[in-house]
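Enquirer: Input file: start_3.csv. Contents: CSV, C-alpha atoms and all ligand atoms.
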chain,number,residue,atom,x,y,z
A,783,MET,CA,-16.4,-31.9,-9.1
A,784,SER,CA,-12.7,-31.2,-9.1
A,785,ALA,CA,-11.2,-29.4,-6.1
A,786,GLU,CA,-10.7,-25.6,-6.4
A,787,LYS,CA,-7.3,-24.1,-5.7
A,788,VAL,CA,-6.5,-21.9,-2.7
A,789,GLU,CA,-3.5,-19.8,-3.3
A,790,ILE,CA,-0.9,-19.7,-0.6
A,791,PHE,CA,0.6,-16.3,0.1
A,792,ASP,CA,3.5,-16.7,2.3
A,793,THR,CA,4.4,-13.7,4.5
A,794,THR,CA,7.1,-15.3,6.7
A,795,LEU,CA,9.6,-12.7,5.3
A,796,ARG,CA,7.4,-9.7,5.9
A,797,ASP,CA,4.7,-10.2,8.7
A,798,GLY,CA,6.7,-13.0,10.2
A,799,GLU,CA,10.0,-11.1,10.2
A,800,GLN,CA,8.3,-8.2,12.1
A,801,VAL,CA,8.6,-10.3,15.3
A,802,PRO,CA,11.2,-8.7,17.6
A,803,GLY,CA,14.5,-10.7,17.4
A,804,CYS,CA,13.5,-12.4,14.1
A,805,LYS,CA,15.2,-9.9,11.8
A,806,LEU,CA,16.9,-11.6,8.9
A,807,ASN,CA,19.6,-10.3,6.6
A,808,THR,CA,19.3,-10.5,2.8
A,809,ALA,CA,21.3,-13.8,2.5
A,810,GLN,CA,19.0,-15.5,5.1
A,811,LYS,CA,15.9,-14.1,3.4
A,812,LEU,CA,17.1,-15.4,0.0
A,813,LYS,CA,17.8,-18.9,1.4
A,814,ILE,CA,14.2,-19.1,2.8
A,815,ALA,CA,12.6,-17.6,-0.3
A,816,ALA,CA,14.3,-20.2,-2.5
A,817,ARG,CA,12.8,-22.9,-0.3
A,818,LEU,CA,9.4,-21.3,-0.3
A,819,ASP,CA,9.5,-21.2,-4.1
A,820,GLU,CA,10.3,-24.9,-4.1
A,821,LEU,CA,7.6,-25.6,-1.6
A,822,GLY,CA,5.1,-24.3,-4.1
A,823,VAL,CA,3.8,-21.1,-2.6
A,824,ASP,CA,2.0,-18.9,-5.0
A,825,VAL,CA,3.2,-15.6,-3.6
A,826,ILE,CA,6.2,-14.7,-1.5
A,827,GLU,CA,5.7,-11.4,0.4
A,828,ALA,CA,9.4,-10.5,0.5
A,829,GLY,CA,9.2,-7.4,2.6
A,830,PHE,CA,8.2,-3.7,3.0
A,831,PRO,CA,10.7,-2.1,0.6
A,832,VAL,CA,10.3,1.5,1.8
A,833,SER,CA,10.9,0.5,5.4
A,834,SER,CA,14.7,0.2,5.2
A,835,PRO,CA,17.5,-0.1,2.6
A,836,GLY,CA,18.0,-3.7,3.8
A,837,ASP,CA,14.4,-4.6,3.1
A,838,PHE,CA,14.6,-2.9,-0.3
A,839,GLN,CA,17.6,-5.0,-1.2
A,840,SER,CA,16.0,-8.2,0.0
A,841,VAL,CA,12.9,-7.6,-2.1
A,842,THR,CA,15.1,-6.8,-5.1
A,843,GLU,CA,17.2,-10.0,-4.7
A,844,ILE,CA,14.2,-12.2,-4.1
A,845,SER,CA,12.6,-10.8,-7.2
A,846,LYS,CA,15.6,-12.0,-9.2
A,847,ILE,CA,15.6,-15.6,-7.9
A,848,ALA,CA,11.9,-16.5,-7.6
A,849,LYS,CA,11.2,-19.0,-10.4
A,850,ASN,CA,7.5,-19.8,-9.9
A,851,ALA,CA,6.1,-17.6,-7.1
A,852,ALA,CA,4.9,-14.1,-7.6
A,853,VAL,CA,6.9,-11.7,-5.5
A,854,CYS,CA,5.1,-9.1,-3.4
A,855,GLY,CA,6.1,-5.9,-1.7
A,856,LEU,CA,4.1,-4.2,1.0
A,857,THR,CA,3.2,-0.5,1.0
A,858,ARG,CA,1.1,2.0,2.8
A,859,ALA,CA,-1.4,3.9,0.7
A,860,VAL,CA,1.4,6.4,0.1
A,861,LYS,CA,2.8,7.2,-3.4
A,862,LYS,CA,6.4,7.1,-2.3
A,863,ASP,CA,6.0,3.6,-0.8
A,864,ILE,CA,4.4,2.4,-4.0
A,865,GLU,CA,7.2,3.8,-6.2
A,866,VAL,CA,9.9,2.2,-4.0
A,867,ALA,CA,8.0,-1.1,-4.0
A,868,ALA,CA,7.7,-1.0,-7.8
A,869,GLU,CA,11.5,-0.3,-8.1
A,870,ALA,CA,12.3,-3.3,-5.8
A,871,LEU,CA,10.0,-5.6,-7.7
A,872,LYS,CA,11.3,-4.6,-11.2
A,873,TYR,CA,13.1,-7.9,-11.7
A,874,ALA,CA,10.2,-10.1,-10.6
A,875,LYS,CA,8.7,-12.4,-13.2
A,876,LYS,CA,5.4,-11.9,-11.5
A,877,PRO,CA,5.4,-8.7,-9.4
A,878,ARG,CA,2.6,-7.8,-7.0
A,879,ILE,CA,2.2,-4.6,-5.1
A,880,HIS,CA,0.3,-4.9,-1.8
A,881,THR,CA,-1.1,-1.6,-0.8
A,882,GLY,CA,-3.8,-0.6,1.7
A,883,ILE,CA,-5.1,1.4,4.6
A,884,GLY,CA,-7.0,0.9,7.9
A,885,THR,CA,-10.7,0.8,7.6
A,886,SER,CA,-12.0,0.2,11.1
A,887,ASP,CA,-13.4,3.0,13.2
A,888,SER,CA,-10.4,3.1,15.5
A,889,HIS,CA,-7.9,3.1,12.6
A,890,ILE,CA,-9.9,5.9,10.8
A,891,LYS,CA,-10.1,8.0,14.0
A,892,TYR,CA,-6.8,7.4,15.8
A,893,LYS,CA,-4.4,6.4,13.1
A,894,PHE,CA,-5.5,8.6,10.3
A,895,ASN,CA,-7.7,11.3,12.0
A,896,ALA,CA,-9.7,11.1,8.9
A,897,THR,CA,-13.3,10.6,7.7
A,898,PRO,CA,-14.5,7.4,6.1
A,899,GLU,CA,-14.8,9.2,2.8
A,900,GLN,CA,-11.2,10.3,3.0
A,901,ILE,CA,-10.1,6.7,3.6
A,902,ILE,CA,-12.0,5.5,0.5
A,903,GLU,CA,-10.4,8.3,-1.5
A,904,ARG,CA,-6.9,7.3,-0.3
A,905,ALA,CA,-7.5,3.6,-0.9
A,906,VAL,CA,-8.7,4.3,-4.5
A,907,GLU,CA,-5.8,6.6,-5.2
A,908,ALA,CA,-3.3,4.1,-3.9
A,909,VAL,CA,-4.7,1.2,-6.0
A,910,ALA,CA,-4.9,3.4,-9.1
A,911,TYR,CA,-1.4,4.6,-8.6
A,912,ALA,CA,0.0,1.1,-8.1
A,913,LYS,CA,-1.7,0.0,-11.3
A,914,ASN,CA,0.8,2.3,-13.2
A,915,PHE,CA,3.5,-0.1,-12.0
A,916,ALA,CA,2.0,-3.6,-11.8
A,917,ASP,CA,-1.0,-5.4,-13.2
A,918,ASP,CA,-1.3,-7.4,-10.0
A,919,VAL,CA,-2.3,-5.1,-7.2
A,920,GLU,CA,-3.6,-6.5,-3.9
A,921,PHE,CA,-5.5,-4.2,-1.6
A,922,TYR,CA,-5.6,-4.7,2.2
A,923,ALA,CA,-8.3,-3.2,4.4
A,924,GLU,CA,-6.3,-3.2,7.6
A,925,ASP,CA,-8.4,-4.2,10.7
A,926,ALA,CA,-11.1,-5.5,8.4
A,927,GLY,CA,-12.0,-7.9,11.2
A,928,ARG,CA,-13.3,-5.0,13.3
A,929,THR,CA,-14.6,-3.0,10.3
A,930,ASP,CA,-18.4,-2.6,9.8
A,931,ASN,CA,-19.3,-5.0,6.9
A,932,ALA,CA,-21.3,-2.3,5.0
A,933,PHE,CA,-18.4,0.1,5.0
A,934,LEU,CA,-15.9,-2.7,4.2
A,935,ALA,CA,-18.0,-3.6,1.2
A,936,GLN,CA,-18.1,0.0,0.1
A,937,VAL,CA,-14.3,0.3,0.3
A,938,CYS,CA,-13.9,-3.1,-1.5
A,939,GLN,CA,-16.2,-2.0,-4.3
A,940,GLU,CA,-14.3,1.2,-4.9
A,941,VAL,CA,-10.9,-0.5,-5.0
A,942,VAL,CA,-12.2,-3.3,-7.3
A,943,ASN,CA,-13.5,-0.6,-9.6
A,944,ALA,CA,-10.0,1.0,-9.4
A,945,GLY,CA,-8.4,-2.2,-10.6
A,946,ALA,CA,-7.4,-4.3,-7.5
A,947,THR,CA,-6.9,-7.9,-8.4
A,948,VAL,CA,-6.8,-9.3,-4.9
A,949,LEU,CA,-8.8,-8.1,-1.9
A,950,ASN,CA,-7.1,-8.8,1.4
A,951,ILE,CA,-9.5,-8.9,4.4
A,952,PRO,CA,-7.1,-8.9,7.4
A,953,ASP,CA,-8.3,-9.8,10.9
A,954,THR,CA,-5.4,-7.6,12.0
A,955,THR,CA,-6.1,-7.9,15.7
A,956,GLY,CA,-7.1,-11.6,15.7
A,957,TYR,CA,-10.5,-10.6,17.1
A,958,CYS,CA,-13.0,-12.4,14.9
A,959,LEU,CA,-14.7,-15.7,15.7
A,960,PRO,CA,-14.6,-18.2,12.7
A,961,GLU,CA,-18.3,-17.9,12.0
A,962,GLU,CA,-18.1,-14.1,12.1
A,963,TYR,CA,-15.1,-14.0,9.8
A,964,GLY,CA,-16.7,-16.5,7.4
A,965,LYS,CA,-19.8,-14.4,7.3
A,966,LYS,CA,-17.8,-11.3,6.5
A,967,ILE,CA,-16.3,-13.0,3.4
A,968,LYS,CA,-19.7,-14.2,2.4
A,969,TYR,CA,-21.1,-10.6,2.9
A,970,LEU,CA,-18.5,-9.3,0.6
A,971,LYS,CA,-19.2,-12.0,-2.0
A,972,ASP,CA,-22.9,-11.0,-1.9
A,973,HIS,CA,-22.4,-7.2,-1.9
A,974,VAL,CA,-19.5,-6.2,-4.1
A,975,ALA,CA,-20.2,-6.2,-7.8
A,976,GLY,CA,-17.5,-7.9,-9.9
A,977,ILE,CA,-16.0,-9.6,-6.8
A,978,ASP,CA,-16.0,-13.0,-8.6
A,979,ASN,CA,-13.3,-11.6,-10.9
A,980,VAL,CA,-10.9,-10.9,-8.0
A,981,ILE,CA,-9.4,-13.2,-5.4
A,982,ILE,CA,-10.4,-12.7,-1.8
A,983,SER,CA,-7.6,-13.2,0.7
A,984,CYS,CA,-7.7,-14.2,4.3
A,985,HIS,CA,-5.0,-12.7,6.5
A,986,CYS,CA,-5.7,-13.7,10.1
A,987,HIS,CA,-3.8,-13.1,13.3
A,988,ASN,CA,-3.7,-15.4,16.3
A,989,ASP,CA,-4.4,-13.2,19.3
A,990,LEU,CA,-7.2,-15.6,20.4
A,991,GLY,CA,-5.7,-18.7,18.9
A,992,LEU,CA,-8.1,-18.6,16.0
A,993,ALA,CA,-5.9,-17.6,13.0
A,994,THR,CA,-6.1,-21.0,11.3
A,995,ALA,CA,-9.8,-21.6,12.1
A,996,ASN,CA,-10.6,-18.1,10.7
A,997,ALA,CA,-8.6,-18.6,7.5
A,998,ILE,CA,-10.4,-21.9,7.0
A,999,ALA,CA,-13.8,-20.3,7.6
A,1000,GLY,CA,-12.8,-17.7,5.0
A,1001,VAL,CA,-12.0,-20.2,2.3
A,1002,ALA,CA,-15.1,-22.2,3.1
A,1003,ASN,CA,-17.1,-19.0,2.3
A,1004,GLY,CA,-15.4,-18.2,-1.0
A,1005,ALA,CA,-12.0,-16.7,-0.3
A,1006,ARG,CA,-9.3,-18.3,-2.5
A,1007,GLN,CA,-6.1,-17.1,-1.0
A,1008,ILE,CA,-4.6,-17.6,2.5
A,1009,GLU,CA,-1.9,-15.4,3.9
A,1010,CYS,CA,0.3,-17.3,6.3
A,1011,THR,CA,3.7,-17.9,7.7
A,1012,ILE,CA,5.9,-20.9,8.4
A,1013,ASN,CA,5.5,-22.0,12.0
A,1014,GLY,CA,2.7,-19.3,12.4
A,1015,ILE,CA,5.3,-16.7,13.4
A,1016,GLY,CA,4.2,-13.1,13.2
A,1017,GLU,CA,3.2,-10.0,15.2
A,1018,ARG,CA,2.2,-10.7,18.8
A,1019,ALA,CA,0.6,-14.2,18.9
A,1020,GLY,CA,1.5,-14.7,15.2
A,1021,ASN,CA,-0.3,-15.4,11.9
A,1022,THR,CA,-2.1,-18.4,10.4
A,1023,ALA,CA,0.4,-21.2,10.1
A,1024,LEU,CA,1.1,-22.3,6.5
A,1025,GLU,CA,1.6,-25.9,7.5
A,1026,GLU,CA,-1.7,-26.0,9.3
A,1027,VAL,CA,-3.9,-24.7,6.5
A,1028,VAL,CA,-2.2,-26.8,3.9
A,1029,MET,CA,-2.7,-30.0,5.9
A,1030,ILE,CA,-6.3,-29.1,6.9
A,1031,LEU,CA,-7.2,-28.7,3.2
A,1032,ARG,CA,-5.4,-32.0,2.4
A,1033,GLN,CA,-6.9,-34.0,5.2
A,1034,HIS,CA,-10.5,-32.7,4.6
A,1035,PRO,CA,-11.3,-33.5,1.0
A,1036,THR,CA,-15.0,-32.7,1.6
A,1037,LEU,CA,-13.9,-29.0,1.6
A,1038,ASN,CA,-13.1,-29.6,-2.1
A,1039,LEU,CA,-10.1,-27.2,-1.9
A,1040,ASN,CA,-6.5,-27.8,-2.5
A,1041,THR,CA,-3.1,-26.0,-2.8
A,1042,ASP,CA,0.0,-26.5,-4.8
A,1043,ILE,CA,2.2,-27.0,-1.8
A,1044,ASN,CA,4.5,-30.1,-1.6
A,1045,PRO,CA,3.9,-31.0,2.1
A,1046,LYS,CA,7.0,-33.3,2.2
A,1047,LEU,CA,9.1,-30.2,2.5
A,1048,LEU,CA,7.2,-28.7,5.4
A,1049,PHE,CA,9.2,-30.1,8.3
A,1050,GLU,CA,12.6,-29.2,6.9
A,1051,LEU,CA,11.4,-25.7,6.1
A,1052,SER,CA,10.0,-25.3,9.6
A,1053,LYS,CA,13.4,-26.2,11.0
A,1054,MET,CA,15.2,-23.8,8.7
A,1055,VAL,CA,12.9,-20.9,9.6
A,1056,SER,CA,13.3,-21.6,13.3
A,1057,ARG,CA,17.1,-21.8,13.0
A,1058,GLU,CA,17.5,-18.7,10.8
A,1059,MET,CA,15.1,-16.6,13.0
A,1060,GLY,CA,16.3,-18.0,16.3
A,1061,MET,CA,12.6,-18.7,17.0
A,1062,PHE,CA,12.0,-21.9,18.9
A,1063,VAL,CA,9.0,-24.0,17.7
A,1064,GLN,CA,6.8,-25.1,20.6
A,1065,PRO,CA,7.0,-29.0,20.9
A,1066,ASN,CA,3.2,-29.3,20.8
A,1067,LYS,CA,2.9,-27.2,17.6
A,1068,ALA,CA,0.6,-28.8,15.1
A,1069,ILE,CA,2.3,-30.6,12.1
A,1070,VAL,CA,5.9,-29.5,12.8
A,1071,GLY,CA,6.4,-29.5,16.6
A,1072,ALA,CA,8.8,-32.1,18.0
A,1073,ASN,CA,5.8,-33.9,19.6
A,1074,ALA,CA,3.4,-33.7,16.7
A,1075,PHE,CA,4.0,-37.4,15.9
A,1076,ALA,CA,5.3,-38.6,19.3
A,1077,HIS,CA,3.3,-41.0,21.5
A,1078,SER,CA,4.1,-41.4,25.2
A,1079,SER,CA,1.1,-42.9,27.0
A,1080,GLY,CA,0.8,-46.7,27.1
A,1081,ILE,CA,-2.7,-46.8,25.6
A,1082,HIS,CA,-1.7,-44.7,22.7
A,1083,GLN,CA,1.6,-46.4,22.1
A,1084,ASP,CA,-0.1,-49.8,22.1
A,1085,GLY,CA,-2.6,-48.6,19.4
A,1086,VAL,CA,0.1,-46.9,17.2
A,1087,ILE,CA,2.3,-50.0,17.3
A,1088,LYS,CA,-0.6,-52.1,16.1
A,1089,ASN,CA,-1.7,-49.6,13.5
A,1090,ARG,CA,-0.5,-46.0,13.2
A,1091,GLU,CA,-4.0,-44.8,12.2
A,1092,THR,CA,-5.4,-45.4,15.6
A,1093,TYR,CA,-3.9,-42.2,16.9
A,1094,GLU,CA,-2.5,-40.4,13.9
A,1095,ILE,CA,-4.6,-38.6,11.3
A,1096,ILE,CA,-1.5,-37.7,9.2
A,1097,ASP,CA,1.2,-40.0,8.0
A,1098,PRO,CA,4.4,-38.3,9.3
A,1099,ALA,CA,6.2,-39.1,6.0
A,1100,ASP,CA,3.6,-36.9,4.2
A,1101,VAL,CA,5.1,-33.8,6.0
A,1102,GLY,CA,8.7,-34.9,5.8
A,1103,VAL,CA,9.0,-36.5,9.3
A,1104,THR,CA,10.8,-39.8,9.1
A,1105,GLU,CA,8.6,-41.7,11.5
A,1106,SER,CA,6.3,-41.5,14.5
A,1107,ALA,CA,8.2,-41.5,17.8
A,1108,ILE,CA,7.4,-43.9,20.6
A,1109,VAL,CA,8.7,-42.0,23.7
A,1110,LEU,CA,9.3,-44.2,26.8
A,1111,THR,CA,8.1,-42.6,30.0
A,1112,ALA,CA,6.7,-43.9,33.3
A,1113,ARG,CA,3.3,-43.8,31.5
A,1114,SER,CA,4.4,-46.3,28.8
A,1115,GLY,CA,3.2,-49.9,28.7
A,1116,ARG,CA,4.8,-53.3,27.9
A,1117,ALA,CA,4.0,-53.0,24.2
A,1118,ALA,CA,6.1,-49.8,23.9
A,1119,LEU,CA,9.0,-51.2,26.0
A,1120,ALA,CA,9.1,-54.4,23.9
A,1121,TYR,CA,9.0,-52.3,20.7
A,1122,LYS,CA,11.8,-50.0,21.7
A,1123,ALA,CA,13.9,-52.9,23.2
A,1124,LYS,CA,13.6,-54.7,19.9
A,1125,LYS,CA,14.8,-51.6,18.1
A,1126,VAL,CA,18.0,-51.6,20.2
A,1127,GLY,CA,18.6,-55.3,19.9
A,1128,TYR,CA,16.6,-57.2,22.5
A,1129,ASN,CA,13.9,-59.6,21.4
A,1130,LEU,CA,12.2,-60.2,24.7
A,1131,THR,CA,10.0,-63.2,25.6
A,1132,LYS,CA,6.8,-62.6,27.5
A,1133,LEU,CA,8.5,-63.7,30.8
A,1134,GLU,CA,11.6,-61.6,30.2
A,1135,LEU,CA,9.4,-58.6,29.3
A,1136,ASP,CA,7.5,-58.9,32.6
A,1137,ALA,CA,10.7,-58.9,34.6
A,1138,VAL,CA,12.3,-56.0,32.7
A,1139,TYR,CA,9.1,-54.0,32.8
A,1140,THR,CA,9.1,-53.8,36.6
A,1141,GLU,CA,12.7,-52.6,36.4
A,1142,PHE,CA,11.7,-50.2,33.7
A,1143,LEU,CA,9.0,-48.6,35.8
A,1144,ASN,CA,11.4,-48.0,38.7
A,1145,TYR,CA,13.8,-46.4,36.3
A,1146,ALA,CA,11.3,-44.4,34.4
A,1147,ASP,CA,9.8,-42.9,37.6
A,1148,MET,CA,13.2,-41.2,38.2
A,1149,LYS,CA,13.4,-39.7,34.6
A,1150,LYS,CA,11.4,-37.6,32.3
A,1151,GLU,CA,12.1,-39.9,29.4
A,1152,VAL,CA,13.8,-43.3,29.0
A,1153,LEU,CA,16.3,-43.1,26.2
A,1154,ASP,CA,17.8,-45.9,24.0
A,1155,GLU,CA,21.0,-46.0,26.1
A,1156,ASP,CA,18.9,-46.3,29.3
A,1157,ILE,CA,17.3,-49.5,27.9
A,1158,HIS,CA,20.8,-51.2,27.9
A,1159,GLU,CA,21.2,-50.2,31.6
A,1160,ILE,CA,17.7,-51.4,32.5
A,1161,MET,CA,18.5,-54.7,30.8
A,1162,ALA,CA,21.8,-55.0,32.7
A,1163,ILE,CA,20.1,-54.3,36.1
A,1164,SER,CA,17.3,-56.7,35.3
A,1165,LYS,CA,19.8,-59.5,34.3
A,1166,LYS,CA,21.8,-59.0,37.5
A,1167,LYS,CA,18.7,-59.3,39.6
A,1168,ILE,CA,17.6,-62.5,37.9
A,1169,LYS,CA,21.1,-64.0,38.5
A,1170,ALA,CA,21.1,-63.0,42.1
B,1201,LIG,O1,-2.3,-7.7,9.8
B,1201,LIG,C1,-2.4,-6.9,8.9
B,1201,LIG,O2,-3.4,-6.2,8.7
B,1201,LIG,C2,-1.3,-6.8,7.9
B,1201,LIG,C3,-1.5,-5.9,6.7
B,1201,LIG,C4,-0.4,-4.9,6.6
B,1201,LIG,C5,-1.7,-6.7,5.5
B,1201,LIG,O3,-0.3,-7.4,8.1
B,1202,ZN,ZN,-0.7,-9.0,9.5
Once more with this new file: its structure as structure tokens, please.
Expert:
Amino acid sequence: MSAEKVEIFDTTLRDGEQVPGCKLNTAQKLKIAARLDELGVDVIEAGFPVSSPGDFQSVTEISKIAKNAAVCGLTRAVKKDIEVAAEALKYAKKPRIHTGIGTSDSHIKYKFNATPEQIIERAVEAVAYAKNFADDVEFYAEDAGRTDNAFLAQVCQEVVNAGATVLNIPDTTGYCLPEEYGKKIKYLKDHVAGIDNVIISCHCHNDLGLATANAIAGVANGARQIECTINGIGERAGNTALEEVVMILRQHPTLNLNTDINPKLLFELSKMVSREMGMFVQPNKAIVGANAFAHSSGIHQDGVIKNRETYEIIDPADVGVTESAIVLTARSGRAALAYKAKKVGYNLTKLELDAVYTEFLNYADMKKEVLDEDIHEIMAISKKKIKA
């Protein structure tokens, strides 16, 4: 059976850009959007057009340049928002309006001071209104993660009847456990008539570090779109990381799901987003962190030098990283030292290696990392000692 496609909806430029200090201007957004389009994302959520003139301009300009991806603008369930989004999206080859409303008890009570019936009414009105401007209308049930499943199904049923083409089920507060989120998707599949004609989307936040796991649980239970950001940036602890879900689906063929993403562009794009947003990527970040393919302990280095597969489940070249790094530290062994020494021009015999290794350990104990230039110094010290 051939693998089913999971659409990748990138929200780096909308949910990602909401992070304090990450604000981008239109030129920066355009640069990133062009790379996202090349990467192969299915949807670029370009912004929230009614929120500011700058965001309106960004969505307009991105709409003009996107070659393959659909371009999406966020709105509240408010007519003015929808009209402004439609105007910003007017140049897009494939425009999508993303409208919605909070559906959890706390959103209904504290944000909207409304009744559940009024929420359904507003949701239906928003979707029906958006359909006047775009065929492709995605509905989000904000805080769906904490929304009662029966009520969520009722809302979804009504908006599907009103013409929604995509149902976004956000775990807005990053509260769900993967099993629970997966069951929520399955519940909707089983209880909403006509749901097989629309795409269910996972939009997960990372407050408990489960954004990626929840998105995967969602697609394993029938969702066919994941909303994510480069480097997992986003409100508070962030969103599902695009590079993680793409590589999980690639590395686990038994899930029988794939995406159209070209993973070779991931590392470069991660660096671009980090640079443009001024948002540092933690070194141990999966797939794109500086240490994602770096090996520093002797046991691991020995294995990787013999065969990369001993400690790597992904070929770094697959995600655009030139090669795995062997980092010399005081935990490194002889194999790593010989390997790195050879790279900088020293082909050591076993006896020479023994002598240099003792010197290396003394040196390494004083430093966090032994660099290529340090190897020359260690060789010189070692030579002097042998002569003396
Ligand atoms: O997290 C969320 O619920 C959102 C919606 C606006 C889609 O970002
Ligand atoms: Zn979000």
Enquirer: For the contact check between chain A and ligand ZN 1202 (chain B), emit one row per residue of chain A within 12 Å, containing the shortest atom pair and the distance in Å rounded to one decimal, counting all atoms listed in the file, chain then rising number order, as CSV.
Expert:
residue,atom,partner,partner_atom,distance
A:Phe791,CA,B:ZN1202,ZN,12.0
A:Asp792,CA,B:ZN1202,ZN,11.3
A:Thr793,CA,B:ZN1202,ZN,8.5
A:Thr794,CA,B:ZN1202,ZN,10.4
A:Leu795,CA,B:ZN1202,ZN,11.7
A:Arg796,CA,B:ZN1202,ZN,8.9
A:Asp797,CA,B:ZN1202,ZN,5.6
A:Gly798,CA,B:ZN1202,ZN,8.4
A:Glu799,CA,B:ZN1202,ZN,10.9
A:Gln800,CA,B:ZN1202,ZN,9.4
A:Val801,CA,B:ZN1202,ZN,11.0
A:Glu827,CA,B:ZN1202,ZN,11.4
A:Leu856,CA,B:ZN1202,ZN,10.9
A:Gly882,CA,B:ZN1202,ZN,11.9
A:Gly884,CA,B:ZN1202,ZN,11.8
A:Tyr922,CA,B:ZN1202,ZN,9.8
A:Ala923,CA,B:ZN1202,ZN,10.8
A:Glu924,CA,B:ZN1202,ZN,8.3
A:Asp925,CA,B:ZN1202,ZN,9.2
A:Ala926,CA,B:ZN1202,ZN,11.0
A:Gly927,CA,B:ZN1202,ZN,11.5
A:Asn950,CA,B:ZN1202,ZN,10.3
A:Ile951,CA,B:ZN1202,ZN,10.2
A:Pro952,CA,B:ZN1202,ZN,6.7
A:Asp953,CA,B:ZN1202,ZN,7.8
A:Thr954,CA,B:ZN1202,ZN,5.5
A:Thr955,CA,B:ZN1202,ZN,8.3
A:Gly956,CA,B:ZN1202,ZN,9.3
A:Ser983,CA,B:ZN1202,ZN,11.9
A:Cys984,CA,B:ZN1202,ZN,10.2
A:His985,CA,B:ZN1202,ZN,6.4
A:Cys986,CA,B:ZN1202,ZN,6.9
A:His987,CA,B:ZN1202,ZN,6.4
A:Asn988,CA,B:ZN1202,ZN,9.8
A:Asp989,CA,B:ZN1202,ZN,11.3
A:Ala993,CA,B:ZN1202,ZN,10.6
A:Ile1008,CA,B:ZN1202,ZN,11.8
A:Glu1009,CA,B:ZN1202,ZN,8.6
A:Cys1010,CA,B:ZN1202,ZN,9.0
A:Thr1011,CA,B:ZN1202,ZN,10.1
A:Gly1014,CA,B:ZN1202,ZN,11.2
A:Ile1015,CA,B:ZN1202,ZN,10.5
A:Gly1016,CA,B:ZN1202,ZN,7.4
A:Glu1017,CA,B:ZN1202,ZN,7.0
A:Arg1018,CA,B:ZN1202,ZN,9.9
A:Ala1019,CA,B:ZN1202,ZN,10.8
A:Gly1020,CA,B:ZN1202,ZN,8.4
A:Asn1021,CA,B:ZN1202,ZN,6.8
A:Thr1022,CA,B:ZN1202,ZN,9.5
Enquirer: Which residues, written as a PyMOL selection string, have at least one atom at most 10 Å from range 886-892 of chain A, with all atoms listed in the file counted and residues fewer than 3 positions away on the same chain left out?
Expert: chain A and resi 883+895-901+923-931+933-934
Enquirer: Find the spatial neighbours of Leu1153 in chain A, counting only C-alpha atoms, within a cut-off of 9 Å - ignore same-chain residues fewer than 4 positions away - and output them as a CSV table (one decimal) with C-alpha atoms, in the coordinates of the input.
Expert:
chain,number,residue,atom,x,y,z
A,1109,VAL,CA,8.7,-42.0,23.7
A,1110,LEU,CA,9.3,-44.2,26.8
A,1157,ILE,CA,17.3,-49.5,27.9
Enquirer: Show which residues sit within 9 Å of range 833-847 of chain A, as a list of chain:residue names. Count only C-alpha atoms, and ignore same-chain residues fewer than 3 positions away.
Expert: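 Here the answer would be A:Asn807, A:Thr808, A:Ala809, A:Lys811, A:Leu812, A:Ala815, A:Ala816, A:Ile826, A:Glu827, A:Ala828, A:Gly829, A:Phe830, A:Ala852, A:Val853, A:Cys854, A:Gly855, A:Thr857, A:Asp863, A:Val866, A:Ala867, A:Glu869, A:Ala870, A:Leu871, A:Lys872, A:Tyr873, A:Ala874, A:Lys875, A:Lys876, A:Pro877.
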Enquirer: From the options A:Val948, A:Met1059, A:Thr1111, A:Ala1120, which residue's atoms come nearest to ligand LIG 1201 (chain B), counting all atoms listed in the file?
Expert: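 Using all atoms listed in the file, ligand LIG 1201 (chain B) sits closest to A:Val948.
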